[in-house]
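> So here's final23.cif (mmCIF, C-alpha atoms and all ligand atoms).
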data_target
#
loop_
_atom_site.group_PDB
_atom_site.id
_atom_site.type_symbol
_atom_site.label_atom_id
_atom_site.label_comp_id
_atom_site.auth_asym_id
_atom_site.auth_seq_id
_atom_site.Cartn_x
_atom_site.Cartn_y
_atom_site.Cartn_z
ATOM 1 C CA MET A 250 150.238 90.858 157.754
ATOM 2 C CA PRO A 251 150.488 88.047 155.222
ATOM 3 C CA ILE A 252 150.425 84.586 156.757
ATOM 4 C CA PRO A 253 153.925 83.281 157.481
ATOM 5 C CA ARG A 254 154.547 80.072 155.543
ATOM 6 C CA ASN A 255 156.155 78.189 158.375
ATOM 7 C CA GLY A 256 157.346 78.348 161.929
ATOM 8 C CA ASP A 257 155.685 80.934 164.061
ATOM 9 C CA ILE A 258 152.001 80.534 163.262
ATOM 10 C CA SER A 259 151.928 76.760 163.093
ATOM 11 C CA GLU A 260 153.773 76.552 166.414
ATOM 12 C CA ARG A 261 151.172 78.790 167.970
ATOM 13 C CA MET A 262 148.431 76.701 166.413
ATOM 14 C CA GLN A 263 149.996 73.532 167.743
ATOM 15 C CA ALA A 264 150.034 75.175 171.144
ATOM 16 C CA LEU A 265 146.301 75.556 170.823
ATOM 17 C CA GLY A 266 145.987 71.803 170.482
ATOM 18 C CA SER A 267 142.997 71.020 168.341
ATOM 19 C CA LEU A 268 143.443 73.981 166.012
ATOM 20 C CA HIS A 269 146.134 72.218 164.018
ATOM 21 C CA THR A 270 143.358 69.999 162.707
ATOM 22 C CA ILE A 271 142.254 72.923 160.527
ATOM 23 C CA LYS A 272 143.774 71.013 157.631
ATOM 24 C CA ASN A 273 141.189 68.299 158.164
ATOM 25 C CA LEU A 274 138.278 70.652 158.541
ATOM 26 C CA ASN A 275 135.681 69.404 156.143
ATOM 27 C CA THR A 276 134.356 72.708 154.969
ATOM 28 C CA GLN A 277 133.800 72.037 151.332
ATOM 29 C CA PRO A 278 132.333 69.104 149.505
ATOM 30 C CA ILE A 279 134.629 67.844 146.771
ATOM 31 C CA VAL A 280 132.600 69.400 143.984
ATOM 32 C CA ILE A 281 132.863 72.860 145.523
ATOM 33 C CA ALA A 282 136.602 72.458 146.033
ATOM 34 C CA ARG A 283 136.883 71.560 142.356
ATOM 35 C CA ILE A 284 134.789 74.525 141.285
ATOM 36 C CA THR A 285 136.813 76.874 143.472
ATOM 37 C CA GLN A 286 139.935 75.612 141.703
ATOM 38 C CA MET A 287 138.313 76.123 138.304
ATOM 39 C CA LEU A 288 137.358 79.659 139.241
ATOM 40 C CA GLN A 289 140.994 80.529 139.861
ATOM 41 C CA ASP A 290 141.892 79.429 136.342
ATOM 42 C CA PRO A 291 141.420 82.237 133.797
ATOM 43 C CA ALA A 292 140.990 79.624 131.062
ATOM 44 C CA THR A 293 137.767 78.234 132.601
ATOM 45 C CA ASN A 294 134.770 78.990 130.390
ATOM 46 C CA THR A 295 131.033 79.238 131.030
ATOM 47 C CA ASP A 296 130.210 75.739 129.756
ATOM 48 C CA GLU A 297 132.794 74.087 131.977
ATOM 49 C CA LEU A 298 131.626 76.063 134.995
ATOM 50 C CA SER A 299 127.942 75.323 134.356
ATOM 51 C CA LEU A 300 128.672 71.633 133.931
ATOM 52 C CA ALA A 301 130.655 71.453 137.171
ATOM 53 C CA ILE A 302 127.953 73.279 139.135
ATOM 54 C CA ARG A 303 125.186 71.112 137.686
ATOM 55 C CA THR A 304 126.813 67.968 139.089
ATOM 56 C CA ASP A 305 125.842 69.213 142.539
ATOM 57 C CA GLN A 306 122.078 69.608 142.782
ATOM 58 C CA GLY A 307 122.205 71.384 146.140
ATOM 59 C CA LEU A 308 124.722 73.924 144.877
ATOM 60 C CA THR A 309 122.726 74.519 141.678
ATOM 61 C CA THR A 310 119.565 75.202 143.674
ATOM 62 C CA ARG A 311 121.356 77.539 146.025
ATOM 63 C CA VAL A 312 123.125 79.472 143.281
ATOM 64 C CA LEU A 313 119.853 79.881 141.347
ATOM 65 C CA LYS A 314 118.068 81.060 144.477
ATOM 66 C CA LEU A 315 120.752 83.681 145.047
ATOM 67 C CA VAL A 316 120.910 84.909 141.450
ATOM 68 C CA ASN A 317 117.115 85.250 141.400
ATOM 69 C CA SER A 318 117.034 87.376 144.552
ATOM 70 C CA ALA A 319 116.404 91.122 144.669
ATOM 71 C CA PHE A 320 120.111 91.557 145.423
ATOM 72 C CA TYR A 321 121.002 90.974 141.761
ATOM 73 C CA GLY A 322 118.002 92.695 140.210
ATOM 74 C CA PHE A 323 116.487 89.861 138.102
ATOM 75 C CA PRO A 324 114.119 88.257 140.613
ATOM 76 C CA GLY A 325 112.677 84.987 139.359
ATOM 77 C CA LYS A 326 113.890 85.314 135.776
ATOM 78 C CA ILE A 327 117.010 83.172 135.686
ATOM 79 C CA GLY A 328 116.440 79.471 135.050
ATOM 80 C CA SER A 329 119.922 78.045 134.542
ATOM 81 C CA ILE A 330 123.542 78.647 135.406
ATOM 82 C CA SER A 331 124.442 79.503 131.806
ATOM 83 C CA HIS A 332 121.542 81.979 131.661
ATOM 84 C CA ALA A 333 122.877 83.506 134.894
ATOM 85 C CA VAL A 334 126.310 83.908 133.306
ATOM 86 C CA VAL A 335 124.759 85.675 130.281
ATOM 87 C CA LEU A 336 122.744 88.089 132.435
ATOM 88 C CA LEU A 337 125.108 88.662 135.349
ATOM 89 C CA GLY A 338 128.501 87.983 133.833
ATOM 90 C CA PHE A 339 131.084 85.347 134.634
ATOM 91 C CA SER A 340 132.683 87.293 137.449
ATOM 92 C CA THR A 341 129.422 87.796 139.358
ATOM 93 C CA VAL A 342 128.384 84.153 139.003
ATOM 94 C CA LYS A 343 131.863 83.125 140.065
ATOM 95 C CA ASN A 344 131.511 85.155 143.249
ATOM 96 C CA ILE A 345 128.015 83.805 143.922
ATOM 97 C CA VAL A 346 129.402 80.277 143.694
ATOM 98 C CA LEU A 347 132.159 81.203 146.117
ATOM 99 C CA THR A 348 129.575 82.674 148.470
ATOM 100 C CA ALA A 349 127.390 79.589 148.218
ATOM 101 C CA SER A 350 130.357 77.455 149.216
ATOM 102 C CA VAL A 351 131.365 79.773 152.049
ATOM 103 C CA LEU A 352 127.917 79.318 153.537
ATOM 104 C CA ASP A 353 128.748 75.713 154.272
ATOM 105 C CA ILE A 354 131.269 76.483 156.963
ATOM 106 C CA PHE A 355 128.673 78.508 158.813
ATOM 107 C CA LYS A 356 126.211 75.679 158.387
ATOM 108 C CA THR A 357 128.402 72.705 159.184
ATOM 109 C CA ASN A 358 129.418 73.921 162.605
ATOM 110 C CA SER A 359 127.057 73.598 165.518
ATOM 111 C CA GLY A 360 127.414 77.220 166.488
ATOM 112 C CA GLY A 361 123.697 77.996 166.632
ATOM 113 C CA GLN A 362 123.091 81.609 167.550
ATOM 114 C CA PHE A 363 126.791 82.526 167.462
ATOM 115 C CA ALA A 364 127.239 81.307 163.879
ATOM 116 C CA ARG A 365 124.050 83.109 162.859
ATOM 117 C CA ASN A 366 125.206 86.389 164.418
ATOM 118 C CA VAL A 367 128.633 86.143 162.803
ATOM 119 C CA TRP A 368 126.992 85.299 159.494
ATOM 120 C CA LYS A 369 124.804 88.419 159.704
ATOM 121 C CA HIS A 370 127.755 90.588 160.695
ATOM 122 C CA SER A 371 129.859 89.109 157.883
ATOM 123 C CA LEU A 372 127.094 89.619 155.352
ATOM 124 C CA ALA A 373 126.691 93.235 156.480
ATOM 125 C CA CYS A 374 130.451 93.676 156.135
ATOM 126 C CA GLY A 375 130.287 92.217 152.598
ATOM 127 C CA VAL A 376 127.431 94.526 151.629
ATOM 128 C CA ALA A 377 129.195 97.538 153.165
ATOM 129 C CA ALA A 378 132.474 96.606 151.450
ATOM 130 C CA GLN A 379 130.818 96.352 148.052
ATOM 131 C CA SER A 380 128.980 99.667 148.536
ATOM 132 C CA LEU A 381 132.162 101.389 149.687
ATOM 133 C CA ALA A 382 134.111 99.920 146.754
ATOM 134 C CA ARG A 383 131.508 101.322 144.360
ATOM 135 C CA THR A 384 131.697 104.726 146.049
ATOM 136 C CA VAL A 385 135.490 104.956 145.839
ATOM 137 C CA GLU A 386 135.431 103.409 142.345
ATOM 138 C CA TYR A 387 137.555 100.421 143.293
ATOM 139 C CA GLU A 388 137.705 97.917 140.483
ATOM 140 C CA PHE A 389 137.225 94.613 142.322
ATOM 141 C CA GLN A 390 133.830 95.243 143.875
ATOM 142 C CA GLU A 391 132.642 91.649 144.000
ATOM 143 C CA GLU A 392 135.870 90.473 145.589
ATOM 144 C CA CYS A 393 135.111 93.049 148.290
ATOM 145 C CA PHE A 394 131.775 91.338 148.915
ATOM 146 C CA VAL A 395 133.419 87.919 149.204
ATOM 147 C CA ALA A 396 136.267 89.228 151.392
ATOM 148 C CA GLY A 397 133.728 90.936 153.671
ATOM 149 C CA LEU A 398 131.775 87.699 153.988
ATOM 150 C CA LEU A 399 134.940 85.838 154.915
ATOM 151 C CA HIS A 400 136.726 88.365 157.088
ATOM 152 C CA ASP A 401 135.728 86.816 160.456
ATOM 153 C CA ILE A 402 135.544 83.185 159.351
ATOM 154 C CA GLY A 403 138.468 82.436 161.690
ATOM 155 C CA LYS A 404 136.128 83.038 164.640
ATOM 156 C CA VAL A 405 133.817 80.285 163.441
ATOM 157 C CA VAL A 406 136.788 77.954 162.990
ATOM 158 C CA LEU A 407 138.047 78.785 166.484
ATOM 159 C CA PHE A 408 134.584 78.129 167.877
ATOM 160 C CA GLN A 409 134.401 74.835 166.057
ATOM 161 C CA LEU A 410 137.888 73.459 166.668
ATOM 162 C CA ALA A 411 138.871 74.966 170.004
ATOM 163 C CA PRO A 412 135.655 75.662 171.936
ATOM 164 C CA ASP A 413 137.412 75.988 175.302
ATOM 165 C CA ASP A 414 139.863 78.570 173.995
ATOM 166 C CA PHE A 415 136.990 80.322 172.289
ATOM 167 C CA SER A 416 135.090 80.522 175.607
ATOM 168 C CA ARG A 417 138.112 82.002 177.367
ATOM 169 C CA VAL A 418 138.305 84.708 174.726
ATOM 170 C CA VAL A 419 134.575 85.457 175.007
ATOM 171 C CA GLU A 420 134.860 85.677 178.792
ATOM 172 C CA HIS A 421 137.806 88.060 178.630
ATOM 173 C CA THR A 422 136.103 90.171 175.962
ATOM 174 C CA ASP A 423 132.965 90.572 178.073
ATOM 175 C CA LYS A 424 134.806 91.184 181.302
ATOM 176 C CA MET A 425 137.181 93.784 179.881
ATOM 177 C CA ASN A 426 134.705 95.189 177.351
ATOM 178 C CA THR A 427 137.377 94.934 174.720
ATOM 179 C CA LEU A 428 137.691 93.862 171.084
ATOM 180 C CA PHE A 429 137.428 90.111 170.454
ATOM 181 C CA TYR A 430 140.604 90.470 168.392
ATOM 182 C CA ASP A 431 142.538 92.067 171.280
ATOM 183 C CA SER A 432 141.398 89.312 173.638
ATOM 184 C CA GLU A 433 142.530 86.626 171.196
ATOM 185 C CA CYS A 434 145.970 88.181 170.884
ATOM 186 C CA LYS A 435 146.298 88.501 174.654
ATOM 187 C CA ILE A 436 144.855 85.131 175.690
ATOM 188 C CA LEU A 437 145.780 82.876 172.769
ATOM 189 C CA GLY A 438 148.621 84.654 170.996
ATOM 190 C CA ILE A 439 146.839 84.044 167.706
ATOM 191 C CA SER A 440 143.801 85.693 166.190
ATOM 192 C CA HIS A 441 140.910 84.908 163.876
ATOM 193 C CA GLN A 442 142.727 86.934 161.173
ATOM 194 C CA GLU A 443 145.518 84.394 161.020
ATOM 195 C CA ILE A 444 143.235 81.385 161.422
ATOM 196 C CA GLY A 445 140.904 82.691 158.691
ATOM 197 C CA GLY A 446 143.923 83.418 156.508
ATOM 198 C CA MET A 447 145.066 79.817 156.784
ATOM 199 C CA LEU A 448 141.683 78.616 155.625
ATOM 200 C CA ILE A 449 141.665 81.023 152.688
ATOM 201 C CA GLU A 450 145.135 79.883 151.777
ATOM 202 C CA GLN A 451 143.936 76.286 151.825
ATOM 203 C CA TRP A 452 141.056 77.192 149.526
ATOM 204 C CA ARG A 453 143.542 78.990 147.241
ATOM 205 C CA LEU A 454 141.415 82.070 146.911
ATOM 206 C CA PRO A 455 143.076 85.146 145.365
ATOM 207 C CA LYS A 456 145.878 86.787 147.347
ATOM 208 C CA LYS A 457 143.923 90.040 147.626
ATOM 209 C CA ILE A 458 141.203 88.203 149.553
ATOM 210 C CA LEU A 459 143.769 86.394 151.673
ATOM 211 C CA ASN A 460 145.423 89.693 152.624
ATOM 212 C CA ALA A 461 142.102 91.389 153.387
ATOM 213 C CA VAL A 462 141.053 88.570 155.711
ATOM 214 C CA SER A 463 144.420 88.234 157.431
ATOM 215 C CA SER A 464 144.974 91.978 157.976
ATOM 216 C CA HIS A 465 141.537 93.528 158.419
ATOM 217 C CA HIS A 466 142.324 94.623 161.994
ATOM 218 C CA ASN A 467 145.703 96.134 161.100
ATOM 219 C CA PRO A 468 145.478 97.292 157.476
ATOM 220 C CA ALA A 469 148.459 99.629 157.911
ATOM 221 C CA SER A 470 150.741 96.593 157.905
ATOM 222 C CA LEU A 471 150.180 96.094 154.167
ATOM 223 C CA GLU A 472 152.367 97.891 151.689
ATOM 224 C CA ASP A 473 151.453 96.467 148.331
ATOM 225 C CA ASP A 474 148.680 97.008 145.795
ATOM 226 C CA ASP A 475 146.263 94.860 147.729
ATOM 227 C CA SER A 476 146.074 97.348 150.563
ATOM 228 C CA LYS A 477 143.001 98.988 149.032
ATOM 229 C CA LEU A 478 140.824 95.895 149.320
ATOM 230 C CA THR A 479 142.089 95.368 152.879
ATOM 231 C CA ALA A 480 141.337 99.013 153.737
ATOM 232 C CA ILE A 481 137.812 98.578 152.347
ATOM 233 C CA VAL A 482 137.133 95.460 154.433
ATOM 234 C CA HIS A 483 138.623 97.153 157.502
ATOM 235 C CA CYS A 484 136.205 100.102 157.131
ATOM 236 C CA ALA A 485 133.263 97.889 156.158
ATOM 237 C CA ASP A 486 133.716 95.845 159.347
ATOM 238 C CA ILE A 487 133.489 99.072 161.361
ATOM 239 C CA PHE A 488 130.480 100.325 159.366
ATOM 240 C CA ALA A 489 128.657 97.004 159.914
ATOM 241 C CA ARG A 490 129.294 97.353 163.651
ATOM 242 C CA ALA A 491 128.101 100.967 163.641
ATOM 243 C CA LEU A 492 124.895 99.964 161.850
ATOM 244 C CA GLY A 493 124.321 97.179 164.372
ATOM 245 C CA TYR A 494 123.792 94.381 161.837
ATOM 246 C CA GLY A 495 124.634 91.037 163.450
ATOM 247 C CA ASN A 496 127.352 90.617 166.019
ATOM 248 C CA SER A 497 130.692 88.885 165.922
ATOM 249 C CA GLY A 498 131.615 88.553 169.550
ATOM 250 C CA ASP A 499 132.076 92.059 170.945
ATOM 251 C CA LYS A 500 130.273 95.376 171.171
ATOM 252 C CA LYS A 501 133.139 97.682 170.226
ATOM 253 C CA ILE A 502 133.185 100.124 167.333
ATOM 254 C CA PRO A 503 136.903 100.760 166.709
ATOM 255 C CA MET A 504 138.343 103.879 165.083
ATOM 256 C CA ILE A 505 139.153 103.697 161.389
ATOM 257 C CA ASP A 506 142.872 103.244 160.830
ATOM 258 C CA ASP A 507 144.540 106.447 159.521
ATOM 259 C CA LYS A 508 146.257 104.703 156.645
ATOM 260 C CA ALA A 509 143.032 103.017 155.519
ATOM 261 C CA TRP A 510 141.252 106.378 155.712
ATOM 262 C CA ASP A 511 143.943 108.011 153.527
ATOM 263 C CA THR A 512 144.159 105.082 151.101
ATOM 264 C CA LEU A 513 140.436 105.363 150.368
ATOM 265 C CA LYS A 514 140.399 109.179 150.562
ATOM 266 C CA LEU A 515 137.438 109.027 152.902
ATOM 267 C CA ASP A 516 137.619 112.811 153.352
ATOM 268 C CA THR A 517 136.070 113.098 149.913
ATOM 269 C CA VAL A 518 133.288 110.560 150.559
ATOM 270 C CA ASN A 519 129.766 111.541 151.624
ATOM 271 C CA LEU A 520 129.505 109.049 154.475
ATOM 272 C CA GLU A 521 125.857 109.800 155.169
ATOM 273 C CA ARG A 522 124.926 108.883 151.620
ATOM 274 C CA LEU A 523 127.146 105.795 151.788
ATOM 275 C CA PHE A 524 125.348 104.622 154.940
ATOM 276 C CA ASP A 525 121.973 105.093 153.198
ATOM 277 C CA THR A 526 123.227 102.934 150.324
ATOM 278 C CA ILE A 527 124.472 100.247 152.698
ATOM 279 C CA GLU A 528 121.088 100.200 154.442
ATOM 280 C CA SER A 529 119.145 99.722 151.221
ATOM 281 C CA GLU A 530 121.595 97.074 149.942
ATOM 282 C CA TRP A 531 121.272 95.299 153.288
ATOM 283 C CA GLU A 532 117.518 95.009 152.822
ATOM 284 C CA LYS A 533 118.033 93.461 149.388
ATOM 285 C CA ALA A 534 120.518 90.977 150.853
ATOM 286 C CA GLU A 535 117.765 89.365 152.944
ATOM 287 C CA VAL A 536 118.014 86.206 150.807
ATOM 288 C CA TYR A 537 121.506 85.612 152.165
ATOM 289 C CA VAL A 538 120.274 85.930 155.756
ATOM 290 C CA GLN A 539 117.580 83.333 155.089
ATOM 291 C CA GLU A 540 120.142 80.946 153.625
ATOM 292 C CA LEU A 541 121.580 80.165 157.042
HETATM 293 FE FE FE B 601 137.618 90.573 162.633
HETATM 294 FE FE FE B 602 134.154 91.726 161.837
#
Just dump the structure as structure tokens.

Amino acid sequence: MPIPRNGDISERMQALGSLHTIKNLNTQPIVIARITQMLQDPATNTDELSLAIRTDQGLTTRVLKLVNSAFYGFPGKIGSISHAVVLLGFSTVKNIVLTASVLDIFKTNSGGQFARNVWKHSLACGVAAQSLARTVEYEFQEECFVAGLLHDIGKVVLFQLAPDDFSRVVEHTDKMNTLFYDSECKILGISHQEIGGMLIEQWRLPKKILNAVSSHHNPASLEDDDSKLTAIVHCADIFARALGYGNSGDKKIPMIDDKAWDTLKLDTVNLERLFDTIESEWEKAEVYVQEL
């Protein structure tokens, strides 16, 4: 479900007290916010992007560490952002920069073990989403990685801004052995999908990513062209749970939604081979685990 622009959701957020401060959540240093804006502009070129990244030493170091990891296949060979763009392409570097900035929200909160578990689960979902996208020949494979990384970000925000409400949800989830999402809907009347969606909207990331984050637990609600990316993230979340990588607040492995299954034609996919691919990609993604 796309995020409603007014009314309903903000009223529910107000009801949660501190959550309305999401607008003030300092998740991105100014330079990253500026780069994220630049990345949405098709006219941005490599020189402009490199220059903007270089103004932030921490970001430059992090991006170079990521591009030189086994995950991208050129370990230790890339010395500058412009070199990275030549070897990996603008779109890949763009997504690495987005990832590097996403990491900050996991780092800036004091979530300790919870944030680390969600980060691992989210990373596994990103890896699974990218592998699945490749398997079903979906065009926007890197966006799948980013959307997978972000899909549960609302849980981290909830933890950070409304710790008491978060604890009530955790308690209910454990007691009833249910999905974290179902507990949120029952106890709070709002879920991490919607909260995460608001953050994505604030960051002005592409609509596809917004829809995937805000509908990954009910992909059947989407009608438009973006439903494929949402279906991929929905399945990848379930695959990450099945593989036991990380944890994002519950122990459930839900069924794959029928519409998502049909959209991706999963009948024609060799799931065993896909799981092998996800496992080997997961090992290569170690650098991202270390980053937190
Ligand atoms: Fe979720
Ligand atoms: Fe998840």
> Determine, for each residue of chain A having at least one atom at most 7 Å from an atom of ligand FE 601 (chain B), the closest pair of atoms and their separation in Å to one decimal, counting all atoms listed in the file; order by chain and ascending number, as JSON lines.

{"residue": "A:His400", "atom": "CA", "partner": "B:FE601", "partner_atom": "FE", "distance": 6.0}
{"residue": "A:Asp401", "atom": "CA", "partner": "B:FE601", "partner_atom": "FE", "distance": 4.7}
{"residue": "A:Tyr430", "atom": "CA", "partner": "B:FE601", "partner_atom": "FE", "distance": 6.5}
{"residue": "A:His441", "atom": "CA", "partner": "B:FE601", "partner_atom": "FE", "distance": 6.7}
{"residue": "A:Gln442", "atom": "CA", "partner": "B:FE601", "partner_atom": "FE", "distance": 6.4}
{"residue": "A:His465", "atom": "CA", "partner": "B:FE601", "partner_atom": "FE", "distance": 6.5}
{"residue": "A:His466", "atom": "CA", "partner": "B:FE601", "partner_atom": "FE", "distance": 6.2}
> Distance CA of Asn460 (chain A)-CA of Ala509 (chain A), one decimal place?
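Here the two named atoms are 13.8 Å from each other.
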> What do you get as a PyMOL selection string if you pick all residues at most 10 Å from ligand FE 602 (chain B), counting only C-alpha atoms and all ligand atoms?
chain A and resi 367-368+370-374+397-402+404+429-430+441-442+462+465-466+482-490+495-499
> Smallest atom-to-atom distance to Phe415 (chain A): which of A:Cys393, A:Phe363, A:Ile354, A:Tyr387, using only C-alpha atoms?
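Closest residue, counting only C-alpha atoms: A:Phe363.
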> How many Å separate CA of Ser529 (chain A) from CA of Ser331 (chain A)?
28.5 Å
> To one decimal in Å, tell me the separation between CA of Thr384 (chain A) and CA of Lys514 (chain A).
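Separation of CA of Thr384 (chain A) and CA of Lys514 (chain A): 10.8 Å.
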> Which residues of region 413-532 of chain A have any atom within 12 Å of an atom in region 281-298 of chain A when counting only C-alpha atoms, and what is the closest pair of atoms for each, with the distance in Å to one decimal? Order the rows by chain and rising number and write it as a Markdown table.

| residue | atom | partner | partner_atom | distance |
| --- | --- | --- | --- | --- |
| A:Ile449 | CA | A:Thr285 | CA | 11.2 |
| A:Gln451 | CA | A:Ala282 | CA | 10.1 |
| A:Trp452 | CA | A:Ala282 | CA | 7.4 |
| A:Arg453 | CA | A:Gln286 | CA | 7.4 |
| A:Leu454 | CA | A:Gln289 | CA | 7.2 |
| A:Pro455 | CA | A:Gln289 | CA | 7.5 |
| A:Lys456 | CA | A:Gln289 | CA | 10.9 |
> Near Ser340 (chain A), within 10 Å and counting all atoms listed in the file, which residues show up once chain neighbours fewer than 3 positions away are dropped, as number ranges by chain?
A: 288, 334, 337, 343-346, 389, 391-392
> Write out N, CA and C atoms for region 425-440 of chain A, as a CSV table (one decimal), keeping the file's coordinate frame.

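Result file out_11.csv:
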chain,number,residue,atom,x,y,z
A,425,MET,N,136.4,92.6,180.1
A,425,MET,CA,137.2,93.8,179.9
A,425,MET,C,136.5,94.8,178.9
A,426,ASN,N,135.4,94.4,178.4
A,426,ASN,CA,134.7,95.2,177.4
A,426,ASN,C,135.7,95.6,176.3
A,427,THR,N,136.3,94.7,175.7
A,427,THR,CA,137.4,94.9,174.7
A,427,THR,C,137.0,94.3,173.4
A,428,LEU,N,137.9,94.5,172.4
A,428,LEU,CA,137.7,93.9,171.1
A,428,LEU,C,138.0,92.4,171.2
A,429,PHE,N,137.2,91.6,170.5
A,429,PHE,CA,137.4,90.1,170.5
A,429,PHE,C,138.9,89.9,170.0
A,430,TYR,N,139.3,90.6,169.0
A,430,TYR,CA,140.6,90.5,168.4
A,430,TYR,C,141.7,90.7,169.4
A,431,ASP,N,141.5,91.8,170.2
A,431,ASP,CA,142.5,92.1,171.3
A,431,ASP,C,142.6,90.9,172.3
A,432,SER,N,141.4,90.4,172.7
A,432,SER,CA,141.4,89.3,173.6
A,432,SER,C,142.1,88.1,173.1
A,433,GLU,N,141.9,87.8,171.8
A,433,GLU,CA,142.5,86.6,171.2
A,433,GLU,C,144.0,86.8,171.3
A,434,CYS,N,144.5,88.0,170.9
A,434,CYS,CA,146.0,88.2,170.9
A,434,CYS,C,146.5,88.0,172.3
A,435,LYS,N,145.8,88.6,173.3
A,435,LYS,CA,146.3,88.5,174.7
A,435,LYS,C,146.2,87.1,175.2
A,436,ILE,N,145.1,86.4,175.0
A,436,ILE,CA,144.9,85.1,175.7
A,436,ILE,C,145.5,84.0,174.9
A,437,LEU,N,145.3,84.0,173.6
A,437,LEU,CA,145.8,82.9,172.8
A,437,LEU,C,147.1,83.1,172.0
A,438,GLY,N,147.4,84.4,171.8
A,438,GLY,CA,148.6,84.7,171.0
A,438,GLY,C,148.4,84.4,169.5
A,439,ILE,N,147.2,84.2,169.1
A,439,ILE,CA,146.8,84.0,167.7
A,439,ILE,C,145.4,84.6,167.5
A,440,SER,N,145.1,85.1,166.3
A,440,SER,CA,143.8,85.7,166.2
A,440,SER,C,143.0,85.1,165.0
